[in-house]
file model.cif (mmCIF, C-alpha atoms and all ligand atoms)
data_data
#
loop_
_atom_site.group_PDB
_atom_site.id
_atom_site.type_symbol
_atom_site.label_atom_id
_atom_site.label_comp_id
_atom_site.auth_asym_id
_atom_site.auth_seq_id
_atom_site.Cartn_x
_atom_site.Cartn_y
_atom_site.Cartn_z
ATOM 1 C CA MET A 68 103.443 -5.765 208.910
ATOM 2 C CA ILE A 69 101.000 -4.403 211.423
ATOM 3 C CA GLY A 70 97.652 -5.803 210.328
ATOM 4 C CA GLU A 71 96.114 -8.392 208.058
ATOM 5 C CA TRP A 72 92.393 -8.786 207.496
ATOM 6 C CA LYS A 73 89.894 -10.132 205.039
ATOM 7 C CA TRP A 74 86.367 -9.114 204.158
ATOM 8 C CA GLU A 75 83.791 -9.821 201.537
ATOM 9 C CA TYR A 76 81.874 -7.242 199.531
ATOM 10 C CA ASN A 77 79.548 -8.026 196.622
ATOM 11 C CA GLY A 78 80.813 -11.580 196.571
ATOM 12 C CA VAL A 79 84.464 -10.548 196.222
ATOM 13 C CA VAL A 80 86.911 -11.422 198.985
ATOM 14 C CA HIS A 81 89.313 -8.582 199.791
ATOM 15 C CA ARG A 82 92.517 -9.093 201.721
ATOM 16 C CA GLN A 83 94.265 -6.120 203.284
ATOM 17 C CA LEU A 84 97.807 -6.007 204.609
ATOM 18 C CA ASP A 85 98.824 -2.940 206.641
ATOM 19 C CA TYR A 86 102.440 -1.891 207.039
ATOM 20 C CA LEU A 87 104.143 0.493 209.410
ATOM 21 C CA VAL A 88 106.814 2.466 207.573
ATOM 22 C CA GLU A 89 109.378 5.005 208.713
ATOM 23 C CA VAL A 90 109.569 8.072 206.519
ATOM 24 C CA ASP A 91 112.469 10.451 206.310
ATOM 25 C CA GLY A 92 111.123 13.679 204.843
ATOM 26 C CA ASP A 93 108.688 16.532 205.200
ATOM 27 C CA LEU A 94 105.198 15.270 205.893
ATOM 28 C CA THR A 95 103.676 18.591 206.862
ATOM 29 C CA ALA A 96 101.730 18.986 203.609
ATOM 30 C CA PRO A 97 101.028 15.594 202.052
ATOM 31 C CA ARG A 98 99.669 15.611 198.469
ATOM 32 C CA LEU A 99 96.532 13.512 198.254
ATOM 33 C CA GLU A 100 95.764 11.121 195.420
ATOM 34 C CA LYS A 101 93.156 12.871 193.255
ATOM 35 C CA GLY A 102 89.788 11.152 193.185
ATOM 36 C CA LYS A 103 90.770 8.770 195.941
ATOM 37 C CA HIS A 104 91.173 10.949 199.011
ATOM 38 C CA ASP A 105 89.665 14.306 199.726
ATOM 39 C CA CYS A 106 91.064 15.050 203.173
ATOM 40 C CA HIS A 107 93.675 13.833 205.627
ATOM 41 C CA ALA A 108 94.333 13.952 209.363
ATOM 42 C CA TRP A 109 97.272 12.979 211.521
ATOM 43 C CA ILE A 110 96.228 10.340 214.005
ATOM 44 C CA GLY A 111 98.078 10.018 217.284
ATOM 45 C CA LEU A 112 97.648 8.592 220.758
ATOM 46 C CA ASP A 113 95.127 11.247 221.718
ATOM 47 C CA ASN A 114 92.732 11.321 218.761
ATOM 48 C CA LEU A 115 92.153 7.682 217.798
ATOM 49 C CA ASP A 116 88.405 8.376 218.050
ATOM 50 C CA LEU A 117 88.685 10.174 214.701
ATOM 51 C CA MET A 118 89.014 6.740 213.136
ATOM 52 C CA MET A 119 85.412 5.974 214.161
ATOM 53 C CA GLY A 120 84.032 9.308 212.932
ATOM 54 C CA GLY A 121 81.156 8.848 210.504
ATOM 55 C CA ARG A 122 81.036 5.072 210.934
ATOM 56 C CA SER A 123 77.590 3.715 211.583
ATOM 57 C CA ASP A 124 78.527 0.020 211.542
ATOM 58 C CA GLY A 125 80.739 0.151 214.656
ATOM 59 C CA ASP A 126 83.489 -1.742 212.780
ATOM 60 C CA ARG A 127 86.672 -1.038 214.780
ATOM 61 C CA ARG A 128 89.123 -3.072 212.703
ATOM 62 C CA LEU A 129 90.736 -0.168 210.893
ATOM 63 C CA ARG A 130 90.754 1.897 214.077
ATOM 64 C CA ASP A 131 92.484 -0.978 215.891
ATOM 65 C CA VAL A 132 95.174 -1.301 213.191
ATOM 66 C CA VAL A 133 95.868 2.428 213.476
ATOM 67 C CA ALA A 134 95.885 2.165 217.285
ATOM 68 C CA LYS A 135 98.526 -0.538 217.055
ATOM 69 C CA ALA A 136 100.588 1.619 214.694
ATOM 70 C CA VAL A 137 100.532 4.726 216.901
ATOM 71 C CA ARG A 138 101.387 2.706 220.004
ATOM 72 C CA THR A 139 104.251 0.797 218.376
ATOM 73 C CA ARG A 140 107.759 2.212 218.742
ATOM 74 C CA LEU A 141 110.809 1.450 216.637
ATOM 75 C CA THR A 142 114.108 2.024 218.432
ATOM 76 C CA ALA A 143 117.626 1.510 217.123
ATOM 77 C CA ARG A 144 117.418 -2.272 217.558
ATOM 78 C CA LEU A 145 113.908 -3.098 218.735
ATOM 79 C CA ARG A 146 110.318 -3.153 217.574
ATOM 80 C CA LEU A 147 108.128 -2.466 220.591
ATOM 81 C CA GLU A 148 104.576 -3.708 220.029
ATOM 82 C CA PRO A 149 101.687 -2.818 222.358
ATOM 83 C CA ILE A 150 100.826 -6.041 224.181
ATOM 84 C CA GLY A 151 97.381 -7.468 223.473
ATOM 85 C CA PRO A 152 95.739 -10.905 223.597
ATOM 86 C CA GLU A 153 97.592 -11.935 220.415
ATOM 87 C CA HIS A 154 100.889 -11.816 222.363
ATOM 88 C CA ALA A 155 99.868 -14.381 224.988
ATOM 89 C CA GLY A 156 102.084 -17.079 223.423
ATOM 90 C CA ASP A 157 105.205 -14.908 223.325
ATOM 91 C CA LEU A 158 104.540 -13.618 226.827
ATOM 92 C CA TRP A 159 104.287 -17.192 228.034
ATOM 93 C CA ARG A 160 107.582 -18.104 226.267
ATOM 94 C CA LEU A 161 109.285 -15.105 227.883
ATOM 95 C CA HIS A 162 108.111 -16.176 231.308
ATOM 96 C CA GLN A 163 109.466 -19.717 230.888
ATOM 97 C CA ASP A 164 112.932 -18.148 231.188
ATOM 98 C CA ASP A 165 114.224 -18.870 234.699
ATOM 99 C CA ALA A 166 116.336 -15.700 234.700
ATOM 100 C CA ILE A 167 113.054 -13.769 234.509
ATOM 101 C CA GLY A 168 111.092 -16.218 236.650
ATOM 102 C CA GLU A 169 113.428 -15.561 239.568
ATOM 103 C CA TRP A 170 111.855 -12.079 239.848
ATOM 104 C CA TYR A 171 108.258 -13.039 238.990
ATOM 105 C CA GLU A 172 107.534 -15.934 241.359
ATOM 106 C CA GLY A 173 108.576 -18.609 238.891
ATOM 107 C CA ARG A 174 107.377 -19.639 235.468
ATOM 108 C CA TRP A 175 104.006 -18.390 234.294
ATOM 109 C CA THR A 176 101.259 -20.761 233.262
ATOM 110 C CA GLN A 177 99.565 -20.280 229.899
ATOM 111 C CA VAL A 178 96.491 -19.074 231.754
ATOM 112 C CA THR A 179 98.507 -16.356 233.515
ATOM 113 C CA ALA A 180 100.128 -15.292 230.238
ATOM 114 C CA GLN A 181 96.737 -15.153 228.507
ATOM 115 C CA ARG A 182 95.175 -13.157 231.319
ATOM 116 C CA THR A 183 98.117 -10.748 231.528
ATOM 117 C CA ALA A 184 98.176 -10.189 227.756
ATOM 118 C CA THR A 185 94.428 -9.465 227.803
ATOM 119 C CA ASP A 186 94.759 -7.133 230.813
ATOM 120 C CA MET A 187 97.639 -5.259 229.186
ATOM 121 C CA GLY A 188 95.627 -4.857 225.981
ATOM 122 C CA ALA A 189 92.693 -3.512 227.999
ATOM 123 C CA ALA A 190 95.046 -1.104 229.790
ATOM 124 C CA TRP A 191 96.155 0.411 226.444
ATOM 125 C CA GLU A 192 92.497 1.214 225.770
ATOM 126 C CA ARG A 193 91.629 2.348 229.288
ATOM 127 C CA ASP A 194 94.799 4.227 230.292
ATOM 128 C CA GLY A 195 96.314 5.179 226.935
ATOM 129 C CA VAL A 196 99.540 3.387 227.951
ATOM 130 C CA SER A 197 100.587 -0.115 228.836
ATOM 131 C CA LYS A 198 103.467 -2.484 228.231
ATOM 132 C CA TRP A 199 105.212 -3.356 224.996
ATOM 133 C CA ILE A 200 106.651 -6.678 223.914
ATOM 134 C CA ALA A 201 110.099 -6.249 222.374
ATOM 135 C CA TYR A 202 111.403 -7.982 219.258
ATOM 136 C CA ASP A 203 114.678 -7.614 217.417
ATOM 137 C CA ARG A 204 113.823 -5.328 214.496
ATOM 138 C CA VAL A 205 115.865 -7.371 212.048
ATOM 139 C CA THR A 206 115.521 -10.987 213.171
ATOM 140 C CA ASN A 207 112.138 -10.764 214.981
ATOM 141 C CA GLU A 208 113.734 -12.628 217.894
ATOM 142 C CA LEU A 209 111.794 -12.190 221.146
ATOM 143 C CA VAL A 210 113.906 -9.888 223.354
ATOM 144 C CA GLY A 211 111.715 -8.970 226.306
ATOM 145 C CA ARG A 212 108.970 -6.683 227.445
ATOM 146 C CA GLY A 213 108.567 -3.404 229.248
ATOM 147 C CA GLY A 214 107.308 0.125 229.148
ATOM 148 C CA LEU A 215 104.824 2.262 231.022
ATOM 149 C CA SER A 216 101.774 1.540 233.160
ATOM 150 C CA ARG A 217 99.471 3.761 235.109
ATOM 151 C CA ALA A 218 99.510 2.352 238.607
ATOM 152 C CA VAL A 219 98.976 3.345 242.209
ATOM 153 C CA VAL A 220 102.482 3.343 243.661
ATOM 154 C CA ASP A 221 103.174 4.539 247.216
ATOM 155 C CA GLY A 222 99.581 5.750 247.506
ATOM 156 C CA GLN A 223 99.546 7.848 244.337
ATOM 157 C CA GLU A 224 98.458 7.281 240.763
ATOM 158 C CA ARG A 225 101.701 7.395 238.771
ATOM 159 C CA LEU A 226 103.335 6.468 235.494
ATOM 160 C CA GLU A 227 105.566 3.517 236.207
ATOM 161 C CA VAL A 228 108.227 2.058 233.931
ATOM 162 C CA GLY A 229 109.493 -1.529 233.994
ATOM 163 C CA TRP A 230 111.341 -4.146 231.927
ATOM 164 C CA ALA A 231 112.278 -7.814 231.610
ATOM 165 C CA VAL A 232 114.763 -9.191 229.098
ATOM 166 C CA VAL A 233 115.480 -12.803 228.085
ATOM 167 C CA GLY A 234 118.401 -13.941 230.275
ATOM 168 C CA SER A 235 120.680 -14.827 227.350
ATOM 169 C CA LEU A 236 120.387 -11.227 226.123
ATOM 170 C CA TRP A 237 121.328 -9.419 229.348
ATOM 171 C CA GLY A 238 124.270 -7.061 229.183
ATOM 172 C CA ARG A 239 123.490 -5.575 225.766
ATOM 173 C CA GLY A 240 121.506 -2.504 226.774
ATOM 174 C CA TYR A 241 118.103 -3.752 225.626
ATOM 175 C CA ALA A 242 116.336 -2.860 228.885
ATOM 176 C CA THR A 243 117.831 0.614 228.755
ATOM 177 C CA GLU A 244 116.624 0.941 225.155
ATOM 178 C CA ILE A 245 113.080 -0.048 226.194
ATOM 179 C CA GLY A 246 113.270 2.369 229.139
ATOM 180 C CA GLN A 247 114.434 5.240 226.920
ATOM 181 C CA ALA A 248 111.491 4.651 224.575
ATOM 182 C CA ALA A 249 109.142 4.664 227.589
ATOM 183 C CA LEU A 250 110.563 7.936 228.930
ATOM 184 C CA ARG A 251 110.196 9.547 225.516
ATOM 185 C CA LEU A 252 106.592 8.352 225.356
ATOM 186 C CA ALA A 253 105.944 9.790 228.833
ATOM 187 C CA PHE A 254 107.669 13.137 228.515
ATOM 188 C CA GLU A 255 107.388 13.923 224.824
ATOM 189 C CA ASP A 256 104.077 12.354 223.794
ATOM 190 C CA LEU A 257 102.063 12.310 227.021
ATOM 191 C CA ASP A 258 103.516 15.460 228.580
ATOM 192 C CA ALA A 259 103.948 13.649 231.902
ATOM 193 C CA ASP A 260 105.600 15.408 234.837
ATOM 194 C CA GLU A 261 107.200 12.348 236.377
ATOM 195 C CA VAL A 262 107.957 8.679 235.790
ATOM 196 C CA VAL A 263 108.722 6.253 238.613
ATOM 197 C CA SER A 264 110.122 2.762 238.775
ATOM 198 C CA PHE A 265 110.423 0.329 241.643
ATOM 199 C CA THR A 266 112.105 -2.973 242.301
ATOM 200 C CA GLU A 267 113.288 -5.242 245.072
ATOM 201 C CA PRO A 268 116.250 -3.682 246.920
ATOM 202 C CA ASN A 269 118.523 -6.562 245.816
ATOM 203 C CA ASN A 270 117.627 -6.348 242.108
ATOM 204 C CA THR A 271 120.870 -4.607 241.261
ATOM 205 C CA ARG A 272 120.530 -5.092 237.488
ATOM 206 C CA SER A 273 117.142 -3.364 237.456
ATOM 207 C CA ARG A 274 118.436 -0.559 239.701
ATOM 208 C CA ALA A 275 121.356 -0.104 237.304
ATOM 209 C CA VAL A 276 118.889 0.311 234.397
ATOM 210 C CA MET A 277 117.054 2.989 236.388
ATOM 211 C CA GLU A 278 120.302 4.811 237.025
ATOM 212 C CA ARG A 279 121.355 4.566 233.366
ATOM 213 C CA LEU A 280 118.012 6.203 232.536
ATOM 214 C CA GLY A 281 118.777 9.130 234.842
ATOM 215 C CA MET A 282 116.323 8.042 237.521
ATOM 216 C CA HIS A 283 117.214 8.655 241.164
ATOM 217 C CA TYR A 284 116.543 6.625 244.281
ATOM 218 C CA SER A 285 113.774 8.363 246.236
ATOM 219 C CA HIS A 286 112.823 6.146 249.202
ATOM 220 C CA ASP A 287 111.806 2.660 250.275
ATOM 221 C CA ILE A 288 108.151 1.730 249.773
ATOM 222 C CA LEU A 289 105.774 -1.091 250.574
ATOM 223 C CA HIS A 290 103.895 -2.457 247.571
ATOM 224 C CA ASN A 291 101.377 -5.287 248.020
ATOM 225 C CA GLY A 292 103.002 -5.983 251.377
ATOM 226 C CA SER A 293 106.626 -6.289 250.124
ATOM 227 C CA SER A 294 109.549 -3.847 250.348
ATOM 228 C CA PHE A 295 110.772 -2.078 247.237
ATOM 229 C CA VAL A 296 113.029 0.831 246.347
ATOM 230 C CA LEU A 297 111.350 3.676 244.468
ATOM 231 C CA TYR A 298 113.208 5.626 241.785
ATOM 232 C CA ARG A 299 111.916 8.790 240.137
ATOM 233 C CA ARG A 300 112.714 11.001 237.238
ATOM 234 C CA SER A 301 110.963 14.280 236.663
ATOM 235 C CA ARG A 302 110.205 16.043 233.442
ATOM 236 C CA ARG A 303 112.498 19.059 233.833
ATOM 237 C CA ARG A 304 115.732 17.343 232.987
ATOM 238 C CA ASP A 305 114.177 14.683 230.760
ATOM 239 C CA SER A 306 113.018 16.747 227.846
ATOM 240 C CA SER A 307 116.623 17.617 227.002
ATOM 241 C CA SER A 308 118.219 14.243 227.643
ATOM 242 C CA THR A 309 115.833 11.525 226.544
ATOM 243 C CA SER A 310 115.870 12.412 222.878
ATOM 244 C CA GLY A 311 118.195 10.382 220.724
ATOM 245 C CA SER A 312 118.601 6.650 220.363
HETATM 246 C C1 LIG B 1 116.483 -6.001 234.874
HETATM 247 C C2 LIG B 1 116.996 -6.462 233.517
HETATM 248 C C3 LIG B 1 115.949 -6.135 232.449
HETATM 249 C C4 LIG B 1 118.299 -5.718 233.216
HETATM 250 O O1 LIG B 1 118.877 -6.220 232.034
HETATM 251 P P1 LIG B 1 120.367 -5.773 231.638
HETATM 252 O O2 LIG B 1 120.740 -6.497 230.436
HETATM 253 O O3 LIG B 1 121.227 -5.853 232.833
HETATM 254 O O4 LIG B 1 120.171 -4.204 231.375
HETATM 255 P P2 LIG B 1 120.437 -3.422 230.031
HETATM 256 O O5 LIG B 1 119.663 -4.054 228.952
HETATM 257 O O6 LIG B 1 120.202 -1.990 230.302
HETATM 258 O O7 LIG B 1 121.970 -3.701 229.759
HETATM 259 C C5 LIG B 1 122.957 -3.022 230.498
HETATM 260 C C6 LIG B 1 124.271 -3.725 230.340
HETATM 261 O O8 LIG B 1 124.546 -3.793 228.947
HETATM 262 C C7 LIG B 1 125.738 -3.043 228.660
HETATM 263 N N1 LIG B 1 125.450 -2.379 227.392
HETATM 264 C C8 LIG B 1 125.907 -2.828 226.187
HETATM 265 N N2 LIG B 1 125.426 -2.066 225.216
HETATM 266 C C9 LIG B 1 124.664 -1.094 225.809
HETATM 267 C C10 LIG B 1 123.888 -0.020 225.333
HETATM 268 N N3 LIG B 1 123.808 0.214 224.019
HETATM 269 N N4 LIG B 1 123.202 0.748 226.214
HETATM 270 C C11 LIG B 1 123.261 0.502 227.529
HETATM 271 N N5 LIG B 1 123.980 -0.522 228.055
HETATM 272 C C12 LIG B 1 124.675 -1.306 227.198
HETATM 273 C C13 LIG B 1 125.916 -2.117 229.828
HETATM 274 O O9 LIG B 1 127.256 -1.748 229.982
HETATM 275 C C14 LIG B 1 125.435 -3.002 230.941
HETATM 276 O O10 LIG B 1 126.434 -3.964 231.193
HETATM 277 P P3 LIG B 1 126.710 -4.549 232.687
HETATM 278 O O11 LIG B 1 125.482 -5.296 233.087
HETATM 279 O O12 LIG B 1 127.887 -5.439 232.463
HETATM 280 O O13 LIG B 1 126.957 -3.364 233.542
HETATM 281 C C15 LIG B 1 117.260 -7.995 233.494
HETATM 282 O O14 LIG B 1 118.197 -8.278 234.491
HETATM 283 C C16 LIG B 1 116.002 -8.800 233.722
HETATM 284 O O15 LIG B 1 115.243 -9.062 232.790
HETATM 285 N N6 LIG B 1 115.786 -9.232 234.983
HETATM 286 C C17 LIG B 1 114.624 -10.065 235.271
HETATM 287 C C18 LIG B 1 113.358 -9.263 235.273
HETATM 288 C C19 LIG B 1 113.436 -8.125 236.233
HETATM 289 O O16 LIG B 1 114.023 -8.221 237.292
HETATM 290 N N7 LIG B 1 112.793 -7.013 235.855
HETATM 291 C C20 LIG B 1 112.728 -5.867 236.692
HETATM 292 C C21 LIG B 1 111.619 -6.021 237.632
HETATM 293 S S1 LIG B 1 111.479 -4.529 238.622
#

call {"tool": "encode", "arguments": {"input": "model.cif", "output": "structure tokens"}}
result
Amino acid sequence: MIGEWKWEYNGVVHRQLDYLVEVDGDLTAPRLEKGKHDCHAWIGLDNLDLMMGGRSDGDRRLRDVVAKAVRTRLTARLRLEPIGPEHAGDLWRLHQDDAIGEWYEGRWTQVTAQRTATDMGAAWERDGVSKWIAYDRVTNELVGRGGLSRAVVDGQERLEVGWAVVGSLWGRGYATEIGQAALRLAFEDLDADEVVSFTEPNNTRSRAVMERLGMHYSHDILHNGSSFVLYRRSRRRDSSSTSGS
């Protein structure tokens, strides 16, 4: 389920549940329900404004449910939800894991988790991309987080990909699965030319994810005063090899 909301009209309380479904079939010419719908449009990352067309009340709830749907990705094993303020609790839980804390200056406070979740939600609106939180598609278990950000890296505005996975779930390919979804988003949906990633030189597990994703070491960089290794992958070879799982 992707959204749940209630409203009152003429004294009657309505409750709406919105679901995200995967469809296997030809959706190029949908048949509309007579008398109920008179037109349709495909909504994607780049035309969410259509959802506000003709609205004079400024009510963004339906637009926000659709935004969540178009930004969510389902991979073979994971449901990747665009992080927003509602994920502060899960983000905090994730950052109580010492295996993650080792690379993020320790455990996060609830205030940090709340602020980060809010900032990431704002980034989806401002930049069109931001991080996902990852759940097991079947069990809903919290798996990790990751995905794209627009960031200034090595003096240039770039699309950067990153990941963090609950320590007990390392070694199962979840970070690679998140990274593959991010590269598809970058190269197939956003038409990006390049995606970069950077980490501490001794973060061998993160470097191994980059290499599994076909990224290549470029050079050492300084970021916020610390040394990192920068990896890059350009569009040319991605469009053929990121499709699939
Ligand atoms: C970086 C991090 C996400 C990597 O996690 P990971 O589990 O090592 O990486 P993956 O999810 O890609 O898993 C790869 C491993 O799973 C195995 N694997 C199993 N099934 C797999 C699959 N379907 N696809 C890919 N790999 C698979 C691989 O062989 C590999 O095993 P190995 O580690 O024994 O070589 C994790 O170490 C982490 O969260 N670190 C803390 C946060 C952090 O440092 N983030 C990066 C900041 S820059």

call {"tool": "resolve_selection", "arguments": {"input": "model.cif", "expression": "the PyMOL selection byres (((chain A and resi 184) around 9) and not hetatm)", "output": "ChimeraX atom specification"}}
result
/A:150-155,158,179-183,185-189

call {"tool": "write_last_selection", "arguments": {"input": "model.cif", "atoms": "C-alpha atoms", "output": "PDB file, keeping the file's coordinate frame"}}
result
ATOM      1  CA  ILE A 150     100.826  -6.041 224.181  1.00  0.00           C
ATOM      2  CA  GLY A 151      97.381  -7.468 223.473  1.00  0.00           C
ATOM      3  CA  PRO A 152      95.739 -10.905 223.597  1.00  0.00           C
ATOM      4  CA  GLU A 153      97.592 -11.935 220.415  1.00  0.00           C
ATOM      5  CA  HIS A 154     100.889 -11.816 222.363  1.00  0.00           C
ATOM      6  CA  ALA A 155      99.868 -14.381 224.988  1.00  0.00           C
ATOM      7  CA  LEU A 158     104.540 -13.618 226.827  1.00  0.00           C
ATOM      8  CA  THR A 179      98.507 -16.356 233.515  1.00  0.00           C
ATOM      9  CA  ALA A 180     100.128 -15.292 230.238  1.00  0.00           C
ATOM     10  CA  GLN A 181      96.737 -15.153 228.507  1.00  0.00           C
ATOM     11  CA  ARG A 182      95.175 -13.157 231.319  1.00  0.00           C
ATOM     12  CA  THR A 183      98.117 -10.748 231.528  1.00  0.00           C
ATOM     13  CA  THR A 185      94.428  -9.465 227.803  1.00  0.00           C
ATOM     14  CA  ASP A 186      94.759  -7.133 230.813  1.00  0.00           C
ATOM     15  CA  MET A 187      97.639  -5.259 229.186  1.00  0.00           C
ATOM     16  CA  GLY A 188      95.627  -4.857 225.981  1.00  0.00           C
ATOM     17  CA  ALA A 189      92.693  -3.512 227.999  1.00  0.00           C
TER      18      ALA A 189
END

call {"tool": "residues_around", "arguments": {"input": "model.cif", "residues": "A:Arg239", "least_positions_apart": "5", "cutoff": "12 Å", "atoms": "all atoms listed in the file", "output": "number ranges by chain"}}
result
A: 144, 210, 232-234, 244-245, 276

call {"tool": "atom_distance", "arguments": {"input": "model.cif", "atom1": "atom CA of A:Glu224", "atom2": "atom CA of A:Asp260"}}
result
12.3 Å

call {"tool": "residues_around", "arguments": {"input": "model.cif", "residues": "A:Leu226", "least_positions_apart": "6", "cutoff": "7 Å", "atoms": "only C-alpha atoms", "output": "number ranges by chain"}}
result
A: 215-218, 262-263

call {"tool": "residues_near_ligand", "arguments": {"input": "model.cif", "ligand": "ligand LIG 1 (chain B)", "cutoff": "7 Å", "atoms": "all atoms listed in the file", "output": "ChimeraX atom specification"}}
result
/A:166-167,170,229-234,236-244,265-267,270,272-273,276

call {"tool": "closest_residue", "arguments": {"input": "model.cif", "among": "A:Asp203, A:Arg225, A:His290, A:Tyr171", "to": "A:Ala143", "atoms": "all atoms listed in the file"}}
result
A:Asp203

call {"tool": "axis_aligned_box", "arguments": {"input": "model.cif", "around": "stretch 190-208 of chain A", "padding_each_side": "8 Å", "output": "AutoDock Vina command-line options"}}
result
--center_x 103.7 --center_y -3.7 --center_z 221.2 --size_x 40.2 --size_y 33.8 --size_z 34.2

call {"tool": "closest_residue", "arguments": {"input": "model.cif", "among": "A:Gly156, A:Leu161, A:Arg98, A:Lys135", "to": "A:Gly173", "atoms": "all atoms listed in the file"}}
result
A:Leu161

call {"tool": "resolve_selection", "arguments": {"input": "model.cif", "expression": "the PyMOL selection byres (((chain A and resi 293-304) around 10) and not hetatm)", "output": "PDB file with C-alpha atoms, in the frame of the given file"}}
result
ATOM      1  CA  VAL A 220     102.482   3.343 243.661  1.00  0.00           C
ATOM      2  CA  ASP A 221     103.174   4.539 247.216  1.00  0.00           C
ATOM      3  CA  GLU A 227     105.566   3.517 236.207  1.00  0.00           C
ATOM      4  CA  VAL A 228     108.227   2.058 233.931  1.00  0.00           C
ATOM      5  CA  LEU A 250     110.563   7.936 228.930  1.00  0.00           C
ATOM      6  CA  ALA A 253     105.944   9.790 228.833  1.00  0.00           C
ATOM      7  CA  PHE A 254     107.669  13.137 228.515  1.00  0.00           C
ATOM      8  CA  GLU A 255     107.388  13.923 224.824  1.00  0.00           C
ATOM      9  CA  ASP A 258     103.516  15.460 228.580  1.00  0.00           C
ATOM     10  CA  ALA A 259     103.948  13.649 231.902  1.00  0.00           C
ATOM     11  CA  ASP A 260     105.600  15.408 234.837  1.00  0.00           C
ATOM     12  CA  GLU A 261     107.200  12.348 236.377  1.00  0.00           C
ATOM     13  CA  VAL A 262     107.957   8.679 235.790  1.00  0.00           C
ATOM     14  CA  VAL A 263     108.722   6.253 238.613  1.00  0.00           C
ATOM     15  CA  SER A 264     110.122   2.762 238.775  1.00  0.00           C
ATOM     16  CA  PHE A 265     110.423   0.329 241.643  1.00  0.00           C
ATOM     17  CA  THR A 266     112.105  -2.973 242.301  1.00  0.00           C
ATOM     18  CA  GLU A 267     113.288  -5.242 245.072  1.00  0.00           C
ATOM     19  CA  PRO A 268     116.250  -3.682 246.920  1.00  0.00           C
ATOM     20  CA  ASN A 269     118.523  -6.562 245.816  1.00  0.00           C
ATOM     21  CA  ASN A 270     117.627  -6.348 242.108  1.00  0.00           C
ATOM     22  CA  ARG A 274     118.436  -0.559 239.701  1.00  0.00           C
ATOM     23  CA  MET A 277     117.054   2.989 236.388  1.00  0.00           C
ATOM     24  CA  GLU A 278     120.302   4.811 237.025  1.00  0.00           C
ATOM     25  CA  LEU A 280     118.012   6.203 232.536  1.00  0.00           C
ATOM     26  CA  GLY A 281     118.777   9.130 234.842  1.00  0.00           C
ATOM     27  CA  MET A 282     116.323   8.042 237.521  1.00  0.00           C
ATOM     28  CA  HIS A 283     117.214   8.655 241.164  1.00  0.00           C
ATOM     29  CA  TYR A 284     116.543   6.625 244.281  1.00  0.00           C
ATOM     30  CA  SER A 285     113.774   8.363 246.236  1.00  0.00           C
ATOM     31  CA  HIS A 286     112.823   6.146 249.202  1.00  0.00           C
ATOM     32  CA  ASP A 287     111.806   2.660 250.275  1.00  0.00           C
ATOM     33  CA  ILE A 288     108.151   1.730 249.773  1.00  0.00           C
ATOM     34  CA  LEU A 289     105.774  -1.091 250.574  1.00  0.00           C
ATOM     35  CA  HIS A 290     103.895  -2.457 247.571  1.00  0.00           C
ATOM     36  CA  ASN A 291     101.377  -5.287 248.020  1.00  0.00           C
ATOM     37  CA  GLY A 292     103.002  -5.983 251.377  1.00  0.00           C
ATOM     38  CA  ASP A 305     114.177  14.683 230.760  1.00  0.00           C
ATOM     39  CA  SER A 306     113.018  16.747 227.846  1.00  0.00           C
ATOM     40  CA  SER A 307     116.623  17.617 227.002  1.00  0.00           C
ATOM     41  CA  SER A 308     118.219  14.243 227.643  1.00  0.00           C
ATOM     42  CA  THR A 309     115.833  11.525 226.544  1.00  0.00           C
TER      43      THR A 309
END

call {"tool": "resolve_selection", "arguments": {"input": "model.cif", "expression": "the PyMOL selection byres (((chain A and resi 133) around 12) and not hetatm)", "output": "count of residues only"}}
result
28

call {"tool": "closest_residue", "arguments": {"input": "model.cif", "among": "A:Asp113, A:Gly211, A:Gln177, A:Gly125", "to": "A:Glu192", "atoms": "all atoms listed in the file"}}
result
A:Asp113

call {"tool": "closest_residue", "arguments": {"input": "model.cif", "among": "A:Leu147, A:Arg82, A:Leu257, A:Leu94", "to": "A:Ile200", "atoms": "all atoms listed in the file"}}
result
A:Leu147

call {"tool": "atom_distance", "arguments": {"input": "model.cif", "atom1": "atom CA of A:Gly246", "atom2": "atom CA of A:Gly214"}}
result
6.4 Å

call {"tool": "atom_distance", "arguments": {"input": "model.cif", "atom1": "atom CA of A:Ala201", "atom2": "atom CA of A:Ala248"}}
result
11.2 Å

call {"tool": "closest_residue", "arguments": {"input": "model.cif", "among": "A:Val219, A:Met68, A:Ala190, A:Val178", "to": "A:Arg146", "atoms": "all atoms listed in the file"}}
result
A:Met68

call {"tool": "closest_residue", "arguments": {"input": "model.cif", "among": "A:Arg122, A:Asp256, A:Thr142, A:Arg212", "to": "A:Trp159", "atoms": "all atoms listed in the file"}}
result
A:Arg212

call {"tool": "residues_around", "arguments": {"input": "model.cif", "residues": "A:His107", "least_positions_apart": "4", "cutoff": "10 Å", "atoms": "all atoms listed in the file", "output": "MDAnalysis selection string"}}
result
chainID A and resid 96:99
